[in-house]
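Shown next: entry_26.pdb, containing PDB, C-alpha atoms.
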```
ATOM      1  CA  MET A1158     -24.693 -25.160  -2.308
ATOM      2  CA  LYS A1159     -21.064 -26.399  -2.421
ATOM      3  CA  TYR A1160     -19.640 -28.772  -5.030
ATOM      4  CA  SER A1161     -16.673 -31.062  -4.549
ATOM      5  CA  LYS A1162     -13.837 -30.936  -7.069
ATOM      6  CA  SER A1163     -14.675 -34.417  -8.379
ATOM      7  CA  LEU A1164     -18.334 -33.523  -8.825
ATOM      8  CA  SER A1165     -17.294 -30.335 -10.610
ATOM      9  CA  VAL A1166     -15.295 -32.342 -13.144
ATOM     10  CA  VAL A1167     -18.235 -34.677 -13.767
ATOM     11  CA  LEU A1168     -20.626 -31.764 -14.230
ATOM     12  CA  VAL A1169     -18.274 -29.965 -16.599
ATOM     13  CA  LEU A1170     -17.816 -33.109 -18.695
ATOM     14  CA  PHE A1171     -21.577 -33.656 -18.796
ATOM     15  CA  VAL A1172     -22.247 -30.060 -19.873
ATOM     16  CA  SER A1173     -19.579 -30.299 -22.577
ATOM     17  CA  LEU A1174     -20.835 -33.647 -23.914
ATOM     18  CA  PHE A1175     -24.454 -32.496 -23.890
ATOM     19  CA  ALA A1176     -23.685 -29.281 -25.783
ATOM     20  CA  SER A1177     -21.508 -31.193 -28.249
ATOM     21  CA  SER A1178     -24.246 -33.748 -28.953
ATOM     22  CA  VAL A1179     -26.782 -30.965 -29.551
ATOM     23  CA  ALA A1180     -24.416 -29.187 -31.922
ATOM     24  CA  PHE A1181     -23.645 -32.431 -33.791
ATOM     25  CA  ALA A1182     -27.332 -33.312 -34.081
ATOM     26  CA  GLU A1183     -28.141 -29.880 -35.492
ATOM     27  CA  GLY A1184     -25.229 -29.935 -37.911
ATOM     28  CA  VAL A1185     -23.525 -26.789 -36.575
ATOM     29  CA  ASP A1186     -19.959 -26.085 -35.503
ATOM     30  CA  GLN A1187     -19.190 -27.492 -32.080
ATOM     31  CA  GLU A1188     -18.974 -24.901 -29.311
ATOM     32  CA  VAL A1189     -16.510 -25.480 -26.478
ATOM     33  CA  CYS A1190     -18.514 -25.384 -23.248
ATOM     34  CA  GLY A1191     -16.378 -26.906 -20.489
ATOM     35  CA  PHE A1192     -15.188 -24.836 -17.545
ATOM     36  CA  GLU A1193     -14.186 -25.558 -13.966
ATOM     37  CA  LEU A1194     -16.846 -25.068 -11.327
ATOM     38  CA  LEU A1195     -15.004 -23.409  -8.453
ATOM     39  CA  GLU A1196     -15.764 -23.840  -4.776
ATOM     40  CA  GLU A1197     -18.059 -21.323  -3.123
ATOM     41  CA  GLY A1198     -16.009 -18.283  -2.161
ATOM     42  CA  GLU A1199     -13.442 -18.832  -4.929
ATOM     43  CA  VAL A1200     -15.572 -17.446  -7.773
ATOM     44  CA  ALA A1201     -14.739 -13.864  -8.763
ATOM     45  CA  HIS A1202     -16.816 -12.000 -11.355
ATOM     46  CA  ASP A1203     -15.196  -8.741 -12.382
ATOM     47  CA  ALA A1204     -14.808  -6.490 -15.413
ATOM     48  CA  GLU A1205     -12.866  -3.484 -16.627
ATOM     49  CA  VAL A1206     -13.988  -0.868 -19.148
ATOM     50  CA  VAL A1207     -11.674  -0.773 -22.166
ATOM     51  CA  ALA A1208     -13.372   1.623 -24.592
ATOM     52  CA  VAL A1209     -16.655   2.985 -25.910
ATOM     53  CA  ARG A1210     -16.983   3.762 -29.617
ATOM     54  CA  ARG A1211     -19.829   5.967 -30.784
ATOM     55  CA  GLN A1212     -20.615   9.188 -32.596
ATOM     56  CA  LEU A1213     -20.763  12.262 -30.394
ATOM     57  CA  ARG A1214     -23.309  13.998 -32.618
ATOM     58  CA  VAL A1215     -26.097  12.552 -34.763
ATOM     59  CA  GLU A1216     -28.997  14.146 -36.574
ATOM     60  CA  VAL A1217     -32.589  13.673 -35.456
ATOM     61  CA  GLY A1218     -33.974  10.364 -36.680
ATOM     62  CA  ASP A1219     -30.550   9.010 -37.689
ATOM     63  CA  THR A1220     -29.606   5.366 -37.181
ATOM     64  CA  PHE A1221     -26.367   4.962 -35.226
ATOM     65  CA  ARG A1222     -24.190   2.277 -33.665
ATOM     66  CA  VAL A1223     -22.501   2.056 -30.244
ATOM     67  CA  LYS A1224     -19.814  -0.506 -29.390
ATOM     68  CA  VAL A1225     -18.626  -1.092 -25.815
ATOM     69  CA  PHE A1226     -15.507  -3.115 -24.942
ATOM     70  CA  LEU A1227     -15.098  -4.801 -21.538
ATOM     71  CA  LYS A1228     -12.268  -6.990 -20.260
ATOM     72  CA  ASN A1229     -13.124 -10.069 -18.206
ATOM     73  CA  THR A1230     -10.950  -9.559 -15.113
ATOM     74  CA  GLY A1231     -12.644 -12.297 -13.083
ATOM     75  CA  ASN A1232     -11.861 -16.027 -12.993
ATOM     76  CA  MET A1233     -14.950 -17.398 -14.756
ATOM     77  CA  PRO A1234     -15.894 -17.352 -18.453
ATOM     78  CA  TRP A1235     -18.774 -15.285 -19.813
ATOM     79  CA  PHE A1236     -21.335 -16.665 -22.256
ATOM     80  CA  SER A1237     -23.616 -14.760 -24.600
ATOM     81  CA  ASP A1238     -27.355 -15.098 -24.989
ATOM     82  CA  GLU A1239     -26.699 -17.013 -28.236
ATOM     83  CA  SER A1240     -24.445 -19.611 -26.594
ATOM     84  CA  SER A1241     -25.619 -23.218 -26.360
ATOM     85  CA  CYS A1242     -23.482 -23.751 -23.247
ATOM     86  CA  ALA A1243     -24.714 -23.881 -19.662
ATOM     87  CA  GLY A1244     -22.899 -20.901 -18.172
ATOM     88  CA  PRO A1245     -23.528 -17.384 -16.832
ATOM     89  CA  ARG A1246     -24.982 -15.061 -19.516
ATOM     90  CA  MET A1247     -23.276 -11.679 -19.727
ATOM     91  CA  TYR A1248     -25.177  -8.569 -20.810
ATOM     92  CA  LEU A1249     -24.944  -4.818 -20.614
ATOM     93  CA  GLY A1250     -27.807  -3.678 -18.418
ATOM     94  CA  THR A1251     -29.253  -0.200 -18.173
ATOM     95  CA  ASP A1252     -28.075   1.792 -15.164
ATOM     96  CA  LYS A1253     -28.888   5.009 -13.299
ATOM     97  CA  GLU A1254     -31.705   4.059 -12.774
ATOM     98  CA  ARG A1255     -30.883   0.364 -12.845
ATOM     99  CA  ASP A1256     -32.973  -1.828 -15.139
ATOM    100  CA  ARG A1257     -34.932   1.111 -16.554
ATOM    101  CA  ASP A1258     -36.069   1.061 -20.212
ATOM    102  CA  SER A1259     -33.445   2.779 -22.375
ATOM    103  CA  VAL A1260     -34.456   5.795 -24.441
ATOM    104  CA  PHE A1261     -32.413   4.216 -27.239
ATOM    105  CA  TYR A1262     -34.187   0.848 -27.179
ATOM    106  CA  SER A1263     -34.763  -0.175 -30.812
ATOM    107  CA  PRO A1264     -35.896  -3.798 -31.285
ATOM    108  CA  GLU A1265     -36.108  -3.377 -35.074
ATOM    109  CA  LEU A1266     -34.554  -0.939 -37.523
ATOM    110  CA  GLU A1267     -34.840  -0.780 -41.283
ATOM    111  CA  GLY A1268     -31.693  -2.124 -42.927
ATOM    112  CA  ILE A1269     -30.329  -3.679 -39.700
ATOM    113  CA  ASP A1270     -30.652  -7.466 -39.373
ATOM    114  CA  ASP A1271     -30.137  -7.525 -35.605
ATOM    115  CA  THR A1272     -30.000  -4.462 -33.341
ATOM    116  CA  ASN A1273     -28.643  -6.702 -30.516
ATOM    117  CA  TRP A1274     -31.191  -5.488 -27.965
ATOM    118  CA  ILE A1275     -32.266  -8.476 -25.853
ATOM    119  CA  GLY A1276     -34.921  -6.290 -24.259
ATOM    120  CA  ALA A1277     -35.514  -2.647 -23.394
ATOM    121  CA  ASN A1278     -32.883  -2.901 -20.632
ATOM    122  CA  ARG A1279     -30.382  -5.488 -21.964
ATOM    123  CA  ILE A1280     -27.749  -5.579 -24.714
ATOM    124  CA  GLY A1281     -26.221  -8.870 -25.807
ATOM    125  CA  MET A1282     -22.545  -9.812 -25.908
ATOM    126  CA  ASP A1283     -21.128 -10.203 -29.438
ATOM    127  CA  GLN A1284     -18.944 -13.246 -28.760
ATOM    128  CA  LEU A1285     -20.275 -16.667 -27.743
ATOM    129  CA  ARG A1286     -17.691 -17.071 -24.966
ATOM    130  CA  ILE A1287     -15.122 -14.805 -23.301
ATOM    131  CA  GLU A1288     -12.397 -16.279 -21.108
ATOM    132  CA  PRO A1289     -10.809 -14.482 -18.135
ATOM    133  CA  GLY A1290      -8.321 -11.965 -19.514
ATOM    134  CA  GLU A1291     -10.119 -11.633 -22.856
ATOM    135  CA  ILE A1292     -12.033  -8.598 -24.156
ATOM    136  CA  ALA A1293     -15.736  -8.773 -24.968
ATOM    137  CA  SER A1294     -17.687  -6.364 -27.135
ATOM    138  CA  PHE A1295     -21.322  -5.298 -26.872
ATOM    139  CA  THR A1296     -22.714  -3.687 -30.025
ATOM    140  CA  PHE A1297     -26.130  -2.150 -30.380
ATOM    141  CA  TRP A1298     -27.957  -0.131 -33.013
ATOM    142  CA  SER A1299     -30.483   2.574 -32.311
ATOM    143  CA  GLN A1300     -32.380   5.458 -33.837
ATOM    144  CA  ALA A1301     -32.075   9.008 -32.557
ATOM    145  CA  PRO A1302     -35.236  10.739 -31.296
ATOM    146  CA  ASP A1303     -37.199  13.046 -33.592
ATOM    147  CA  GLU A1304     -36.428  16.157 -31.523
ATOM    148  CA  PRO A1305     -33.060  17.826 -30.786
ATOM    149  CA  ASP A1306     -31.722  16.708 -27.427
ATOM    150  CA  VAL A1307     -28.666  16.155 -25.229
ATOM    151  CA  VAL A1308     -28.731  12.631 -23.823
ATOM    152  CA  VAL A1309     -26.539  10.590 -21.488
ATOM    153  CA  GLU A1310     -26.898   6.828 -21.127
ATOM    154  CA  TYR A1311     -25.423   4.653 -18.372
ATOM    155  CA  PHE A1312     -24.892   0.892 -18.564
ATOM    156  CA  ALA A1313     -23.268  -1.733 -16.339
ATOM    157  CA  PRO A1314     -22.301  -5.379 -16.974
ATOM    158  CA  VAL A1315     -24.660  -7.923 -15.461
ATOM    159  CA  LEU A1316     -24.452 -11.709 -15.244
ATOM    160  CA  SER A1317     -28.032 -12.903 -15.534
ATOM    161  CA  GLY A1318     -29.226 -14.503 -12.329
ATOM    162  CA  VAL A1319     -25.840 -13.968 -10.662
ATOM    163  CA  GLN A1320     -24.906 -10.331 -10.036
ATOM    164  CA  TRP A1321     -24.310  -6.850 -11.361
ATOM    165  CA  ILE A1322     -20.591  -6.149 -11.709
ATOM    166  CA  GLU A1323     -19.842  -2.943  -9.835
ATOM    167  CA  GLY A1324     -17.000  -0.626 -10.773
ATOM    168  CA  ALA A1325     -17.303  -1.238 -14.523
ATOM    169  CA  GLU A1326     -20.090   1.195 -15.333
ATOM    170  CA  VAL A1327     -20.151   2.666 -18.842
ATOM    171  CA  SER A1328     -21.560   6.015 -19.906
ATOM    172  CA  PHE A1329     -21.677   7.993 -23.102
ATOM    173  CA  GLU A1330     -23.202  11.282 -24.109
ATOM    174  CA  MET A1331     -24.835  12.103 -27.430
ATOM    175  CA  LEU A1332     -25.806  15.411 -29.023
ATOM    176  CA  ILE A1333     -28.886  14.943 -31.187
ATOM    177  CA  GLY A1334     -29.550  17.595 -33.812
ATOM    178  CA  ASP A1335     -29.245  21.301 -33.034
ATOM    179  CA  THR A1336     -30.722  22.373 -29.701
ATOM    180  CA  GLY A1337     -29.813  26.011 -30.381
ATOM    181  CA  GLU A1338     -27.779  26.097 -27.176
ATOM    182  CA  ASN A1339     -24.294  27.601 -27.042
ATOM    183  CA  PRO A1340     -21.418  25.109 -26.555
ATOM    184  CA  VAL A1341     -20.501  26.482 -23.107
ATOM    185  CA  ASP A1342     -23.967  25.734 -21.733
ATOM    186  CA  THR A1343     -24.003  22.311 -23.389
ATOM    187  CA  ARG A1344     -20.689  21.416 -21.726
ATOM    188  CA  LYS A1345     -22.057  22.616 -18.393
ATOM    189  CA  ARG A1346     -25.195  20.535 -18.918
ATOM    190  CA  LEU A1347     -23.076  17.443 -19.621
ATOM    191  CA  SER A1348     -21.025  18.054 -16.474
ATOM    192  CA  TYR A1349     -24.255  17.939 -14.445
ATOM    193  CA  ALA A1350     -25.350  14.551 -15.829
ATOM    194  CA  PHE A1351     -26.256  12.176 -13.012
ATOM    195  CA  GLU A1352     -28.891   9.814 -14.418
ATOM    196  CA  SER A1353     -29.676   8.351 -17.818
ATOM    197  CA  GLY A1354     -31.926  10.284 -20.161
ATOM    198  CA  SER A1355     -32.365  13.788 -21.495
ATOM    199  CA  LEU A1356     -30.397  16.617 -19.897
ATOM    200  CA  MET A1357     -32.490  19.402 -21.393
ATOM    201  CA  ASP A1358     -34.717  19.603 -18.306
ATOM    202  CA  ILE A1359     -31.794  20.668 -16.097
ATOM    203  CA  ASN A1360     -32.167  24.331 -15.149
ATOM    204  CA  LEU A1361     -28.646  25.686 -15.566
ATOM    205  CA  ASP A1362     -29.661  28.814 -13.637
ATOM    206  CA  GLY A1363     -31.216  26.826 -10.794
ATOM    207  CA  GLU A1364     -30.288  27.364  -7.156
ATOM    208  CA  LYS A1365     -27.170  25.469  -6.132
ATOM    209  CA  SER A1366     -27.196  23.682  -2.790
ATOM    210  CA  ILE A1367     -25.443  20.894  -0.888
ATOM    211  CA  LEU A1368     -26.943  18.331   1.470
ATOM    212  CA  VAL A1369     -24.747  16.113   3.675
ATOM    213  CA  ASP A1370     -26.400  13.139   5.364
ATOM    214  CA  LEU A1371     -24.374  12.097   8.416
ATOM    215  CA  SER A1372     -26.117   8.735   8.794
ATOM    216  CA  GLU A1373     -25.423   7.796   5.163
ATOM    217  CA  GLN A1374     -22.017   9.528   4.931
ATOM    218  CA  VAL A1375     -23.148  10.826   1.545
ATOM    219  CA  MET A1376     -23.166  14.312   0.028
ATOM    220  CA  TYR A1377     -25.881  15.319  -2.449
ATOM    221  CA  VAL A1378     -25.238  18.245  -4.793
ATOM    222  CA  LYS A1379     -28.385  19.860  -6.170
ATOM    223  CA  LEU A1380     -29.657  22.331  -8.747
ATOM    224  CA  ASP A1381     -33.100  23.368  -7.538
ATOM    225  CA  ASP A1382     -34.625  20.028  -6.508
ATOM    226  CA  ASP A1383     -32.570  17.934  -8.942
ATOM    227  CA  VAL A1384     -29.665  15.906  -7.531
ATOM    228  CA  ILE A1385     -26.825  16.183 -10.034
ATOM    229  CA  ARG A1386     -24.073  14.474  -8.027
ATOM    230  CA  SER A1387     -23.686  12.272  -4.948
ATOM    231  CA  PHE A1388     -20.376  11.545  -3.211
ATOM    232  CA  ARG A1389     -19.240   9.334  -0.376
ATOM    233  CA  VAL A1390     -17.750  11.488   2.360
ATOM    234  CA  SER A1391     -16.072  11.181   5.731
ATOM    235  CA  THR A1392     -17.452  13.502   8.395
ATOM    236  CA  GLY A1393     -16.498  14.114  12.021
ATOM    237  CA  ALA A1394     -15.809  11.289  14.437
ATOM    238  CA  ALA A1395     -17.981  10.805  17.544
ATOM    239  CA  LYS A1396     -15.639  12.928  19.702
ATOM    240  CA  THR A1397     -15.258  15.641  17.036
ATOM    241  CA  PRO A1398     -18.619  15.651  15.195
ATOM    242  CA  THR A1399     -19.597  17.715  12.194
ATOM    243  CA  PRO A1400     -22.302  20.112  13.458
ATOM    244  CA  ALA A1401     -25.776  19.676  11.961
ATOM    245  CA  GLY A1402     -27.667  22.641  10.540
ATOM    246  CA  THR A1403     -27.809  24.920   7.513
ATOM    247  CA  THR A1404     -24.973  27.333   6.752
ATOM    248  CA  SER A1405     -23.250  28.422   3.529
ATOM    249  CA  ILE A1406     -19.864  28.505   1.839
ATOM    250  CA  THR A1407     -17.982  31.529   3.203
ATOM    251  CA  LEU A1408     -14.397  30.946   2.033
ATOM    252  CA  LYS A1409     -12.696  29.023  -0.783
ATOM    253  CA  GLN A1410      -8.972  28.168  -0.854
ATOM    254  CA  GLU A1411      -7.227  25.947  -3.377
ATOM    255  CA  VAL A1412      -4.945  24.719  -0.577
ATOM    256  CA  ARG A1413      -5.257  25.172   3.169
ATOM    257  CA  VAL A1414      -2.651  24.063   5.716
ATOM    258  CA  GLY A1415      -3.692  23.486   9.316
ATOM    259  CA  ASN A1416      -2.278  25.898  11.895
ATOM    260  CA  ALA A1417      -1.729  23.256  14.561
ATOM    261  CA  ALA A1418       0.529  20.222  14.332
ATOM    262  CA  PRO A1419       0.630  17.946  12.415
ATOM    263  CA  HIS A1420      -0.328  20.667   9.876
ATOM    264  CA  TYR A1421      -2.692  18.770   7.595
ATOM    265  CA  ILE A1422      -2.629  19.774   3.930
ATOM    266  CA  MET A1423      -6.235  20.183   2.716
ATOM    267  CA  PRO A1424      -6.665  20.901  -1.026
ATOM    268  CA  TYR A1425      -9.818  22.560  -2.396
ATOM    269  CA  PHE A1426     -10.915  23.788   1.004
ATOM    270  CA  GLN A1427     -14.360  25.408   1.348
ATOM    271  CA  MET A1428     -15.274  26.767   4.769
ATOM    272  CA  PHE A1429     -18.927  26.443   5.756
ATOM    273  CA  ARG A1430     -18.893  27.183   9.501
ATOM    274  CA  ALA A1431     -16.814  29.291  11.903
ATOM    275  CA  GLY A1432     -14.173  27.354  13.781
ATOM    276  CA  GLY A1433     -12.455  25.980  10.695
ATOM    277  CA  TYR A1434     -15.152  23.561   9.534
ATOM    278  CA  GLY A1435     -14.855  22.975   5.815
ATOM    279  CA  LEU A1436     -15.274  20.701   2.832
ATOM    280  CA  HIS A1437     -11.986  19.581   1.346
ATOM    281  CA  SER A1438     -10.144  16.956  -0.632
ATOM    282  CA  LEU A1439      -8.484  14.077   1.205
ATOM    283  CA  PRO A1440      -5.915  15.464   3.663
ATOM    284  CA  SER A1441      -2.242  14.587   3.583
ATOM    285  CA  LEU A1442       0.984  15.237   5.474
ATOM    286  CA  GLY A1443       4.053  16.627   3.817
ATOM    287  CA  ASN A1444       6.560  14.170   5.260
ATOM    288  CA  ASP A1445       4.964  10.711   5.520
ATOM    289  CA  GLY A1446       5.237   9.476   1.936
ATOM    290  CA  GLY A1447       1.468   9.483   1.408
ATOM    291  CA  VAL A1448       0.598   7.127   4.279
ATOM    292  CA  PHE A1449      -1.993   9.432   5.863
ATOM    293  CA  TRP A1450      -3.630  10.191   2.497
ATOM    294  CA  THR A1451      -3.912   6.447   1.763
ATOM    295  CA  GLU A1452      -5.624   5.928   5.110
ATOM    296  CA  ALA A1453      -8.019   8.782   4.307
ATOM    297  CA  VAL A1454      -9.038   7.060   1.062
ATOM    298  CA  ALA A1455      -9.975   3.929   3.009
ATOM    299  CA  HIS A1456     -11.951   6.018   5.519
ATOM    300  CA  LEU A1457     -14.410   7.441   2.967
ATOM    301  CA  GLY A1458     -17.864   6.407   4.128
ATOM    302  CA  THR A1459     -16.766   6.379   7.793
ATOM    303  CA  PRO A1460     -16.956   9.348  10.219
ATOM    304  CA  VAL A1461     -13.343   9.818  11.358
ATOM    305  CA  SER A1462     -12.438  13.474  10.741
ATOM    306  CA  HIS A1463     -11.966  16.299  13.243
ATOM    307  CA  GLY A1464     -15.238  17.855  12.044
ATOM    308  CA  CYS A1465     -14.498  18.706   8.428
ATOM    309  CA  ILE A1466     -16.157  16.905   5.518
ATOM    310  CA  ARG A1467     -13.647  14.947   3.457
ATOM    311  CA  ILE A1468     -14.292  14.204  -0.219
ATOM    312  CA  ALA A1469     -12.392  12.103  -2.773
ATOM    313  CA  ASP A1470      -9.897  14.169  -4.741
ATOM    314  CA  ASP A1471     -11.640  14.180  -8.138
ATOM    315  CA  ASN A1472     -15.001  14.978  -6.554
ATOM    316  CA  ALA A1473     -13.463  17.811  -4.527
ATOM    317  CA  VAL A1474     -12.066  19.383  -7.704
ATOM    318  CA  TRP A1475     -15.480  19.226  -9.384
ATOM    319  CA  LEU A1476     -17.289  20.596  -6.326
ATOM    320  CA  PHE A1477     -14.811  23.480  -5.975
ATOM    321  CA  GLY A1478     -15.660  24.552  -9.520
ATOM    322  CA  PHE A1479     -19.402  24.172  -8.933
ATOM    323  CA  THR A1480     -19.923  26.146  -5.724
ATOM    324  CA  GLU A1481     -19.896  29.873  -5.112
ATOM    325  CA  ILE A1482     -19.498  31.984  -2.005
ATOM    326  CA  GLY A1483     -22.936  31.826  -0.442
ATOM    327  CA  THR A1484     -23.920  28.371  -1.736
ATOM    328  CA  PRO A1485     -26.141  26.914   1.036
ATOM    329  CA  LEU A1486     -25.029  23.722   2.772
ATOM    330  CA  THR A1487     -27.203  21.600   5.049
ATOM    331  CA  VAL A1488     -25.800  18.914   7.349
ATOM    332  CA  GLN A1489     -28.467  16.523   8.630
ATOM    333  CA  SER A1490     -28.199  13.615  11.049
TER
END
```
Kindly return the structure encoded in the file as structure tokens.
Amino acid sequence: MKYSKSLSVVLVLFVSLFASSVAFAEGVDQEVCGFELLEEGEVAHDAEVVAVRRQLRVEVGDTFRVKVFLKNTGNMPWFSDESSCAGPRMYLGTDKERDRDSVFYSPELEGIDDTNWIGANRIGMDQLRIEPGEIASFTFWSQAPDEPDVVVEYFAPVLSGVQWIEGAEVSFEMLIGDTGENPVDTRKRLSYAFESGSLMDINLDGEKSILVDLSEQVMYVKLDDDVIRSFRVSTGAAKTPTPAGTTSITLKQEVRVGNAAPHYIMPYFQMFRAGGYGLHSLPSLGNDGGVFWTEAVAHLGTPVSHGCIRIADDNAVWLFGFTEIGTPLTVQS
């Protein structure tokens, strides 16, 4: 439904007057509610992660606090669950898997007046209203489990009834008690985190494998049957397809330069099939000022390569450290 500018002004004035009359009648401080209702297509809801404050380690059964800061980088205000205004309610919602019940959900805690959990999958915004350009905070209290654990939690901002805001996901890890594990293995476990919850079930000695789905243009990295990473990729174009089938990593090079012109530079190259087929970071040319690399970034998710499997730079670095010579790789259509 589209609103005219004049109707928008009337609606904003009505909302403001209504909220003001309610506040006056209840004898509370007046809350400013007015905002411009933009035309359809002009509204932009966006956010940027500023910081996450929490303890890295807590003891079993301890009460702890987490505070997340997000900047409103859209063009509409956010309102909290406590606001009396008629506007979009902003929350932190549980993510990976989306809208699941958090392991840290604590509706009541001794000595804490308000844990700020709206439900098992929602955390309230601290401020009543946040304008575009301002920073909001989301504070919640919780109690650590009764058993030692290594836990990762993922959240994302969500405007109730409007949309999830992509690209502003928040995650934090927490070491609970003493698991008896050496720090090297704990760091490795944390590097394999992919979904919210306990990481203690990950088999660090599990079989490593890679699955590339050509139809999805997605790579899945696995330990045994557990997916621990997924990346967007760019595989071979229709005239130069990436061959389907199961092979393995046979060669690893930190940098590979193509023999034939235009001599593509391919960092973190991992050959998986004879004929030069490999996984690698986004390719570049040495003399074009980064133009080709920029195009390669935009092509992720689209099959445009000469048969290799392109991966974003940071993902390629991680994958290079994860794989070994002999790691199986399956390409499926």
Considering only C-alpha atoms, return as a VMD selection string whatever protein or nucleic-acid residues lie within 9 Å of A:Asp1303, sequence-local ones (same chain, fewer than 6 positions apart) excluded. chain A and resid 1216 to 1219 1333 to 1334
Would you translate the PyMOL selection byres ((chain A and resi 1243) around 8) into the concrete set of residues it matches in this file, as a PyMOL selection string? chain A and resi 1172+1190+1241-1242+1244-1245
Suppose we keep C-alpha atoms; can you now write the selection as a short mmCIF file (atom, residue, chain, number, x, y, z; two decimals), in the coordinates of the input?
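Listed below is the output, selection_17.cif:
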```
data_model
loop_
_atom_site.label_atom_id
_atom_site.label_comp_id
_atom_site.auth_asym_id
_atom_site.auth_seq_id
_atom_site.Cartn_x
_atom_site.Cartn_y
_atom_site.Cartn_z
CA VAL A 1172 -22.25 -30.06 -19.87
CA CYS A 1190 -18.51 -25.38 -23.25
CA SER A 1241 -25.62 -23.22 -26.36
CA CYS A 1242 -23.48 -23.75 -23.25
CA GLY A 1244 -22.90 -20.90 -18.17
CA PRO A 1245 -23.53 -17.38 -16.83
#
```
Run the PyMOL selection byres ((chain A and resi 1331) around 9) on the file and write out the hits as a list in words.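 This file, filtered by the PyMOL selection byres ((chain A and resi 1331) around 9), leaves Arg1211, Gln1212, Leu1213, Arg1214, Val1215, Asp1306, Val1307, Val1308, Val1309, Glu1310, Phe1329, Glu1330, Leu1332 and Ile1333 of chain A.
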Pick out the closest residue to A:Ala1395 from this set: A:His1420, A:His1463, A:Arg1344, A:Lys1379. Count all atoms listed in the file.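 Closest residue, counting all atoms listed in the file: A:His1463.
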Using the chain letters and numbers from the file, give me the residues hit by the PyMOL selection byres ((chain A and resi 1283-1291) around 7), as a ChimeraX atom specification. /A:1228-1237,1239-1240,1281-1282,1292-1296
My list of candidates is A:Gly1464, A:Pro1314, A:Gly1478, A:Gly1354. Which is closest to A:Pro1398 when distances are computed with all atoms listed in the file?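 Under the stated criterion, the closest residue is A:Gly1464.
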Report as a list in words all protein, DNA and RNA residues lying within 8 Å of A:Asp1381, evaluated on all atoms listed in the file, omitting residues in the same chain fewer than 4 positions from it. Asn1360, Gly1363, Glu1364, Lys1365 and Ser1366 of chain A
Separation of atom CA of A:Val1223 from atom CA of A:Arg1210 in Å: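 Between these atoms lies a distance of 5.8 Å.
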Report, in Å to a single decimal, how far apart atom CA of A:Val1448 and atom CA of A:Pro1400 are. 27.9 Å
With only C-alpha atoms as the basis for distance, which of A:Ile1422, A:Leu1436, A:Leu1249, A:Val1488 is at the shortest distance from A:Glu1373?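 Smallest distance to A:Glu1373 is found for A:Val1488.
The coordinates place atom CA of A:Val1454 at 23.9 Å from atom CA of A:Arg1430.
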Quick one: residues within 10 Å of A:Trp1475, all atoms listed in the file, excluding same-chain residues fewer than 6 positions away - as a ChimeraX atom specification? /A:1348,1386,1425
Do you know which residues are at most 10 Å from stretch 1481-1483 of chain A counting only C-alpha atoms, after dropping those on the same chain fewer than 2 positions away, and could you put them as a list in words?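 Neighbouring residues, sequence-local ones excluded: Lys1365, Ser1366, Thr1404, Ser1405, Ile1406, Thr1407, Leu1408, Lys1409, Gln1427, Met1428, Phe1429, Leu1476, Phe1477, Gly1478, Phe1479, Pro1485 and Leu1486 of chain A.
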Given the block above, output stretch 1422-1448 of chain A with C-alpha atoms as a PDB file, in the first residue's frame.
```pdb
ATOM      1  CA  ILE A1422      47.245 -14.520 -10.095  1.00  0.00           C
ATOM      2  CA  MET A1423      45.454 -17.117  -7.928  1.00  0.00           C
ATOM      3  CA  PRO A1424      46.272 -17.017  -4.183  1.00  0.00           C
ATOM      4  CA  TYR A1425      45.743 -20.057  -1.937  1.00  0.00           C
ATOM      5  CA  PHE A1426      45.490 -22.444  -4.855  1.00  0.00           C
ATOM      6  CA  GLN A1427      44.497 -26.073  -4.178  1.00  0.00           C
ATOM      7  CA  MET A1428      44.457 -28.417  -7.160  1.00  0.00           C
ATOM      8  CA  PHE A1429      41.759 -31.090  -7.127  1.00  0.00           C
ATOM      9  CA  ARG A1430      41.800 -32.420 -10.704  1.00  0.00           C
ATOM     10  CA  ALA A1431      44.368 -32.838 -13.490  1.00  0.00           C
ATOM     11  CA  GLY A1432      44.289 -30.108 -16.097  1.00  0.00           C
ATOM     12  CA  GLY A1433      44.777 -27.250 -13.657  1.00  0.00           C
ATOM     13  CA  TYR A1434      41.401 -27.371 -11.910  1.00  0.00           C
ATOM     14  CA  GLY A1435      41.682 -25.904  -8.440  1.00  0.00           C
ATOM     15  CA  LEU A1436      40.120 -24.038  -5.556  1.00  0.00           C
ATOM     16  CA  HIS A1437      41.560 -20.580  -5.070  1.00  0.00           C
ATOM     17  CA  SER A1438      41.014 -17.081  -3.782  1.00  0.00           C
ATOM     18  CA  LEU A1439      39.604 -14.445  -6.123  1.00  0.00           C
ATOM     19  CA  PRO A1440      41.926 -14.053  -9.126  1.00  0.00           C
ATOM     20  CA  SER A1441      43.590 -10.802 -10.087  1.00  0.00           C
ATOM     21  CA  LEU A1442      45.849  -9.324 -12.756  1.00  0.00           C
ATOM     22  CA  GLY A1443      49.087  -7.609 -11.940  1.00  0.00           C
ATOM     23  CA  ASN A1444      48.591  -4.538 -14.115  1.00  0.00           C
ATOM     24  CA  ASP A1445      44.911  -3.519 -14.077  1.00  0.00           C
ATOM     25  CA  GLY A1446      44.664  -1.682 -10.758  1.00  0.00           C
ATOM     26  CA  GLY A1447      42.365  -4.298  -9.224  1.00  0.00           C
ATOM     27  CA  VAL A1448      39.603  -4.078 -11.847  1.00  0.00           C
TER      28      VAL A1448
END
```
